[in-house]
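A.B. asks: Just passing along the structure, written as C-alpha cells.
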Amino acid sequence: MAQEALGRLIDISVGVAPVDLSVAASTGKRVGLRNAAGVTVVFRKGAGAGGEDPVLTFRQHTAASGGTSQNLATVDHYYTKSAATLAGTETWNRAAQAAAATVTLTGEGAKQGIYVFEVDARSLADGYKYFSVDVADVGATAQIGSVEYLLRDLAVQRTPANLVAPLS
C-alpha cells in the first residue's frame, strides 16, 4: 500500500472559507510555518464581473493572534487555470511580476479560476513564524472565493489524526 501524502508531505488548513468576495474584504486566517518548509496557497473563485478582479495580500506575523504583522513582499510568480467555465481541460499558465506582497489578478474578474502561489518558510523575516493571505472586496457583483493553505515538506511527519494543528 502506498503512503498517503496527508501527514507525510502535506497538511491542509483554511485561509478564507468560501465566501462572497463582493460583501467585504476577507482577512485570511493565520497558519504557522514552523513545521513546514513552505506553504502552497490555493485561491479558488467563481465568475464575477469584468473589472472586479481579486486582489490578494500576503502577510507575515509574529504570533498566532495579535503580535506584529507586516506584508510579505516575495511573490514574484504564480500559476493560473481560468476560463469562463472551468471544465478540467485547462492547463497551467505561469504569471510573473516584480516581487510584491500584493497580487492583482488582472482580467480574471469574470472568470472561474484556480490560482496557486508558493511561499518558502525561509522568506519570512526573523521572528515571524505565521503567514496569512487577505482578499480585498472585489466590488458589487457576487463572486464566491476561498483560500486554502497546503503546508508542504513537513518537518514532523505523522498520521493525519496525530498532526499538530497548523496554527500552533
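Each chain in the C-alpha cells gets a letter, A, B, ..., in the order shown, and its residues are numbered from 1; ligands are numbered from 1 in order too.
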Write out as a list of chain:residue names the residues lying within 12 Å of A:Val103, counting only C-alpha atoms and excluding same-chain residues fewer than 6 positions away.

C.D. replies: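 The neighbour list is A:Phe43, A:Asp53, A:Pro54, A:Val55, A:Leu56, A:Thr57, A:Phe58, A:Arg59, A:Asn71, A:Leu72, A:Ala73, A:Thr74, A:Val75, A:Asp76, A:His77, A:Tyr78, A:Tyr79, A:Ala95, A:Ala96, A:Gln97, A:Tyr115, A:Val116, A:Phe117, A:Val133, A:Asp134, A:Val135, A:Ala136.
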
A.B. asks: Those residues with C-alpha atoms, as a PDB file, in the first residue's frame please?

C.D. replies:
```pdb
ATOM      1  CA  PHE A  43      -7.112  30.586  -4.240  1.00  0.00           C
ATOM      2  CA  ASP A  53     -10.536  41.497 -10.269  1.00  0.00           C
ATOM      3  CA  PRO A  54      -9.449  39.868  -6.990  1.00  0.00           C
ATOM      4  CA  VAL A  55      -6.532  41.393  -5.087  1.00  0.00           C
ATOM      5  CA  LEU A  56      -4.617  39.182  -2.648  1.00  0.00           C
ATOM      6  CA  THR A  57      -2.198  40.440   0.006  1.00  0.00           C
ATOM      7  CA  PHE A  58       0.390  38.131   1.554  1.00  0.00           C
ATOM      8  CA  ARG A  59       1.211  38.803   5.229  1.00  0.00           C
ATOM      9  CA  ASN A  71       3.345  42.475   4.361  1.00  0.00           C
ATOM     10  CA  LEU A  72       5.459  39.683   2.891  1.00  0.00           C
ATOM     11  CA  ALA A  73       6.773  41.099  -0.389  1.00  0.00           C
ATOM     12  CA  THR A  74       8.134  37.920  -2.001  1.00  0.00           C
ATOM     13  CA  VAL A  75       5.516  36.828  -4.555  1.00  0.00           C
ATOM     14  CA  ASP A  76       7.172  37.084  -7.981  1.00  0.00           C
ATOM     15  CA  HIS A  77       5.164  34.454  -9.844  1.00  0.00           C
ATOM     16  CA  TYR A  78       2.095  32.267  -9.589  1.00  0.00           C
ATOM     17  CA  TYR A  79       0.155  29.731 -11.645  1.00  0.00           C
ATOM     18  CA  ALA A  95       2.254  34.643 -14.430  1.00  0.00           C
ATOM     19  CA  ALA A  96       5.276  36.712 -13.375  1.00  0.00           C
ATOM     20  CA  GLN A  97       5.515  40.026 -11.547  1.00  0.00           C
ATOM     21  CA  TYR A 115      -4.566  30.326  -8.655  1.00  0.00           C
ATOM     22  CA  VAL A 116      -1.533  28.806  -6.923  1.00  0.00           C
ATOM     23  CA  PHE A 117       1.232  30.647  -5.069  1.00  0.00           C
ATOM     24  CA  VAL A 133      -3.446  35.843   2.809  1.00  0.00           C
ATOM     25  CA  ASP A 134      -6.102  38.577   2.725  1.00  0.00           C
ATOM     26  CA  VAL A 135      -8.534  39.061  -0.171  1.00  0.00           C
ATOM     27  CA  ALA A 136      -9.855  42.563  -0.902  1.00  0.00           C
TER      28      ALA A 136
END
```

A.B. asks: Using only C-alpha atoms, which protein or nucleic acid residues come within 8 Å of stretch 23-29 of chain A? Drop anything in the same chain fewer than 4 positions from it, and give the result as a PyMOL selection string.

C.D. replies: chain A and resi 14-16+132-140+142+147

A.B. asks: Keeping only all heavy atoms, write the selected residues as an mmCIF file, in the first residue's frame.

C.D. replies:
```cif
data_model
loop_
_atom_site.group_PDB
_atom_site.id
_atom_site.type_symbol
_atom_site.label_atom_id
_atom_site.label_comp_id
_atom_site.auth_asym_id
_atom_site.auth_seq_id
_atom_site.Cartn_x
_atom_site.Cartn_y
_atom_site.Cartn_z
ATOM 1 N N VAL A 14 -7.397 26.080 6.419
ATOM 2 C CA VAL A 14 -8.215 27.098 5.767
ATOM 3 C C VAL A 14 -7.539 28.465 5.890
ATOM 4 O O VAL A 14 -6.970 28.797 6.932
ATOM 5 C CB VAL A 14 -9.641 27.136 6.370
ATOM 6 C CG1 VAL A 14 -9.628 27.569 7.824
ATOM 7 C CG2 VAL A 14 -10.542 28.035 5.556
ATOM 8 N N GLY A 15 -7.578 29.218 4.812
ATOM 9 C CA GLY A 15 -7.137 30.614 4.830
ATOM 10 C C GLY A 15 -8.366 31.505 4.876
ATOM 11 O O GLY A 15 -8.543 32.322 5.773
ATOM 12 N N VAL A 16 -9.237 31.326 3.889
ATOM 13 C CA VAL A 16 -10.526 32.015 3.830
ATOM 14 C C VAL A 16 -11.547 30.965 3.422
ATOM 15 O O VAL A 16 -11.427 30.363 2.354
ATOM 16 C CB VAL A 16 -10.511 33.173 2.801
ATOM 17 C CG1 VAL A 16 -11.895 33.787 2.657
ATOM 18 C CG2 VAL A 16 -9.483 34.239 3.180
ATOM 19 N N SER A 132 -0.411 34.538 6.414
ATOM 20 C CA SER A 132 -1.823 34.615 6.015
ATOM 21 C C SER A 132 -1.944 35.314 4.665
ATOM 22 O O SER A 132 -1.010 35.969 4.205
ATOM 23 C CB SER A 132 -2.659 35.361 7.055
ATOM 24 O OG SER A 132 -2.324 36.734 7.080
ATOM 25 N N VAL A 133 -3.114 35.162 4.062
ATOM 26 C CA VAL A 133 -3.446 35.843 2.809
ATOM 27 C C VAL A 133 -4.799 36.522 2.986
ATOM 28 O O VAL A 133 -5.765 35.874 3.396
ATOM 29 C CB VAL A 133 -3.510 34.869 1.615
ATOM 30 C CG1 VAL A 133 -3.945 35.586 0.343
ATOM 31 C CG2 VAL A 133 -2.165 34.192 1.402
ATOM 32 N N ASP A 134 -4.856 37.815 2.692
ATOM 33 C CA ASP A 134 -6.102 38.577 2.725
ATOM 34 C C ASP A 134 -6.604 38.757 1.301
ATOM 35 O O ASP A 134 -5.804 38.850 0.357
ATOM 36 C CB ASP A 134 -5.886 39.962 3.336
ATOM 37 C CG ASP A 134 -5.430 39.905 4.793
ATOM 38 O OD1 ASP A 134 -5.652 38.882 5.456
ATOM 39 O OD2 ASP A 134 -4.862 40.911 5.253
ATOM 40 N N VAL A 135 -7.933 38.827 1.136
ATOM 41 C CA VAL A 135 -8.534 39.061 -0.171
ATOM 42 C C VAL A 135 -9.388 40.320 -0.063
ATOM 43 O O VAL A 135 -10.279 40.397 0.792
ATOM 44 C CB VAL A 135 -9.398 37.868 -0.640
ATOM 45 C CG1 VAL A 135 -9.940 38.124 -2.035
ATOM 46 C CG2 VAL A 135 -8.598 36.575 -0.597
ATOM 47 N N ALA A 136 -9.114 41.301 -0.921
ATOM 48 C CA ALA A 136 -9.855 42.563 -0.902
ATOM 49 C C ALA A 136 -11.269 42.371 -1.445
ATOM 50 O O ALA A 136 -11.542 41.427 -2.191
ATOM 51 C CB ALA A 136 -9.113 43.610 -1.734
ATOM 52 N N ASP A 137 -12.156 43.278 -1.072
ATOM 53 C CA ASP A 137 -13.514 43.317 -1.620
ATOM 54 C C ASP A 137 -13.393 43.504 -3.135
ATOM 55 O O ASP A 137 -12.701 44.406 -3.602
ATOM 56 C CB ASP A 137 -14.261 44.493 -0.988
ATOM 57 C CG ASP A 137 -15.719 44.586 -1.379
ATOM 58 O OD1 ASP A 137 -16.078 44.142 -2.490
ATOM 59 O OD2 ASP A 137 -16.495 45.127 -0.584
ATOM 60 N N VAL A 138 -14.056 42.654 -3.914
ATOM 61 C CA VAL A 138 -13.912 42.713 -5.378
ATOM 62 C C VAL A 138 -14.834 43.726 -6.047
ATOM 63 O O VAL A 138 -14.637 44.057 -7.213
ATOM 64 C CB VAL A 138 -14.131 41.325 -6.035
ATOM 65 C CG1 VAL A 138 -13.053 40.356 -5.605
ATOM 66 C CG2 VAL A 138 -15.514 40.785 -5.746
ATOM 67 N N GLY A 139 -15.848 44.190 -5.355
ATOM 68 C CA GLY A 139 -16.777 45.137 -5.976
ATOM 69 C C GLY A 139 -18.215 44.744 -5.710
ATOM 70 O O GLY A 139 -18.533 44.132 -4.696
ATOM 71 N N ALA A 140 -19.096 45.053 -6.661
ATOM 72 C CA ALA A 140 -20.537 44.912 -6.441
ATOM 73 C C ALA A 140 -21.111 43.548 -6.821
ATOM 74 O O ALA A 140 -22.151 43.151 -6.314
ATOM 75 C CB ALA A 140 -21.275 46.002 -7.222
ATOM 76 N N ALA A 142 -21.532 39.511 -7.095
ATOM 77 C CA ALA A 142 -21.206 38.313 -6.315
ATOM 78 C C ALA A 142 -20.093 37.514 -7.000
ATOM 79 O O ALA A 142 -20.102 37.335 -8.215
ATOM 80 C CB ALA A 142 -22.446 37.448 -6.141
ATOM 81 N N VAL A 147 -9.611 30.450 0.094
ATOM 82 C CA VAL A 147 -8.158 30.287 0.142
ATOM 83 C C VAL A 147 -7.863 29.081 1.022
ATOM 84 O O VAL A 147 -8.380 28.983 2.134
ATOM 85 C CB VAL A 147 -7.459 31.533 0.724
ATOM 86 C CG1 VAL A 147 -5.954 31.297 0.862
ATOM 87 C CG2 VAL A 147 -7.739 32.771 -0.116
#
```

A.B. asks: For the atom pair atom CA of A:Leu86 and atom CA of A:Arg44, what is the interatomic distance in Å to one decimal place?

C.D. replies: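 Here the two named atoms are 11.0 Å from each other.
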
A.B. asks: Using only C-alpha atoms, can you tell me which of A:Ala84, A:Val41, A:Leu151, A:Val119 comes closest to A:Ala100?

C.D. replies: A:Val119

A.B. asks: Of the residues A:Leu167, A:Ile12, A:Val42, A:Leu33, which is the one nearest to A:Tyr128, using only C-alpha atoms?

C.D. replies: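 Comparing A:Leu167, A:Ile12, A:Val42, A:Leu33 against A:Tyr128, the winner is A:Leu33.
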
A.B. asks: Find the residues around A:Phe131 up to 6 Å (only C-alpha atoms counted), leave out those fewer than 6 positions away in its own chain, and share them as a PDB file with C-alpha atoms, in the first residue's frame.

C.D. replies:
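In the end it all went to around-v6.pdb:
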```pdb
ATOM      1  CA  ARG A  30      -3.108  32.589  10.090  1.00  0.00           C
ATOM      2  CA  VAL A  31      -1.114  29.409   9.735  1.00  0.00           C
ATOM      3  CA  ARG A  59       1.211  38.803   5.229  1.00  0.00           C
ATOM      4  CA  GLN A  60       3.587  37.542   7.924  1.00  0.00           C
TER       5      GLN A  60
END
```

A.B. asks: So, with only C-alpha atoms as the atoms that count, which of A:Ser82, A:Gln3, A:Ser168, A:Ser13 lies closest to A:Ser146?

C.D. replies: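 Nearest to A:Ser146: A:Ser13.
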
A.B. asks: Would you pick out the contacts of A:Arg122 at 8 Å or less, using only C-alpha atoms, so that residues sharing its chain but fewer than 3 positions from it are not included, and give the list as a PyMOL selection string?

C.D. replies: chain A and resi 37-38+125

A.B. asks: Using only C-alpha atoms, find the one residue out of A:Asp153, A:Asp126, A:Glu52, A:Asp11 that sits nearest to A:Ala110.

C.D. replies: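 Once distances to A:Ala110 are computed over only C-alpha atoms, the minimum belongs to A:Glu52.
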
A.B. asks: Do you know which residues are at most 12 Å from stretch 7-10 of chain A counting only C-alpha atoms, after dropping those on the same chain fewer than 3 positions away, and could you put them as a list in words?

C.D. replies: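 The residues that qualify are Ala2, Gln3, Glu4, Ser13, Leu33, Asn35, Ala36, Ala37, Gly38, Val39, Thr40, Tyr149, Leu150, Leu151, Arg152, Asp153, Leu154, Ala155, Val156, Gln157, Arg158, Thr159, Pro160, Ala161, Asn162, Leu163, Val164, Ala165 and Pro166 of chain A.
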
A.B. asks: What gap, in Å, lies between atom CA of A:His61 and atom CA of A:Leu124?

C.D. replies: 8.7 Å

A.B. asks: Excluding same-chain residues fewer than 6 positions from A:Gly46, what lies within 9 Å of it counting only C-alpha atoms, as a short mmCIF file (atom, residue, chain, number, x, y, z; two decimals) with C-alpha atoms, in the first residue's frame?

C.D. replies:
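Resulting contents of around-v2.cif:
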```
data_model
loop_
_atom_site.label_atom_id
_atom_site.label_comp_id
_atom_site.auth_asym_id
_atom_site.auth_seq_id
_atom_site.Cartn_x
_atom_site.Cartn_y
_atom_site.Cartn_z
CA THR A 85 -16.40 27.95 -17.04
CA GLY A 109 -12.99 39.01 -12.50
CA ALA A 110 -15.47 37.46 -14.96
CA LYS A 111 -13.74 34.05 -14.99
CA GLN A 112 -13.76 30.98 -12.79
CA GLY A 113 -10.26 30.20 -11.65
CA ALA A 142 -21.21 38.31 -6.31
CA GLN A 143 -18.01 36.28 -6.68
CA ILE A 144 -17.50 33.24 -4.45
CA GLY A 145 -13.94 32.55 -3.41
#
```

A.B. asks: Find the residue from A:Thr62, A:Gln70, A:Thr80, A:Thr106 that sits nearest to A:Arg94; use only C-alpha atoms when measuring.

C.D. replies: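 Smallest separation from A:Arg94 among the options: A:Thr80.
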
A.B. asks: Where does DSSP see helix (DSSP H, G or I) in chain A, if you list the residues as an MDAnalysis selection string?

C.D. replies: chainID A and resid 121:123 160:162

A.B. asks: Could you dump the residues just selected with N, CA, C and O atoms as a tab-separated table (two decimals), in the first residue's frame?

C.D. replies:
```
chain	number	residue	atom	x	y	z
A	121	ALA	N	9.04	29.07	3.62
A	121	ALA	CA	9.06	29.50	5.03
A	121	ALA	C	10.29	30.35	5.33
A	121	ALA	O	10.24	31.24	6.19
A	122	ARG	N	11.39	30.13	4.61
A	122	ARG	CA	12.61	30.91	4.85
A	122	ARG	C	12.46	32.35	4.42
A	122	ARG	O	13.29	33.19	4.78
A	123	SER	N	11.42	32.69	3.67
A	123	SER	CA	11.23	34.07	3.23
A	123	SER	C	10.62	34.95	4.31
A	123	SER	O	10.63	36.17	4.20
A	160	PRO	N	-2.40	11.55	9.79
A	160	PRO	CA	-3.20	12.78	9.82
A	160	PRO	C	-3.84	13.08	11.17
A	160	PRO	O	-3.84	14.22	11.62
A	161	ALA	N	-4.36	12.06	11.85
A	161	ALA	CA	-5.02	12.28	13.14
A	161	ALA	C	-4.05	12.78	14.23
A	161	ALA	O	-4.48	13.37	15.22
A	162	ASN	N	-2.75	12.57	14.02
A	162	ASN	CA	-1.76	12.97	15.03
A	162	ASN	C	-0.95	14.20	14.64
A	162	ASN	O	0.02	14.55	15.33
```
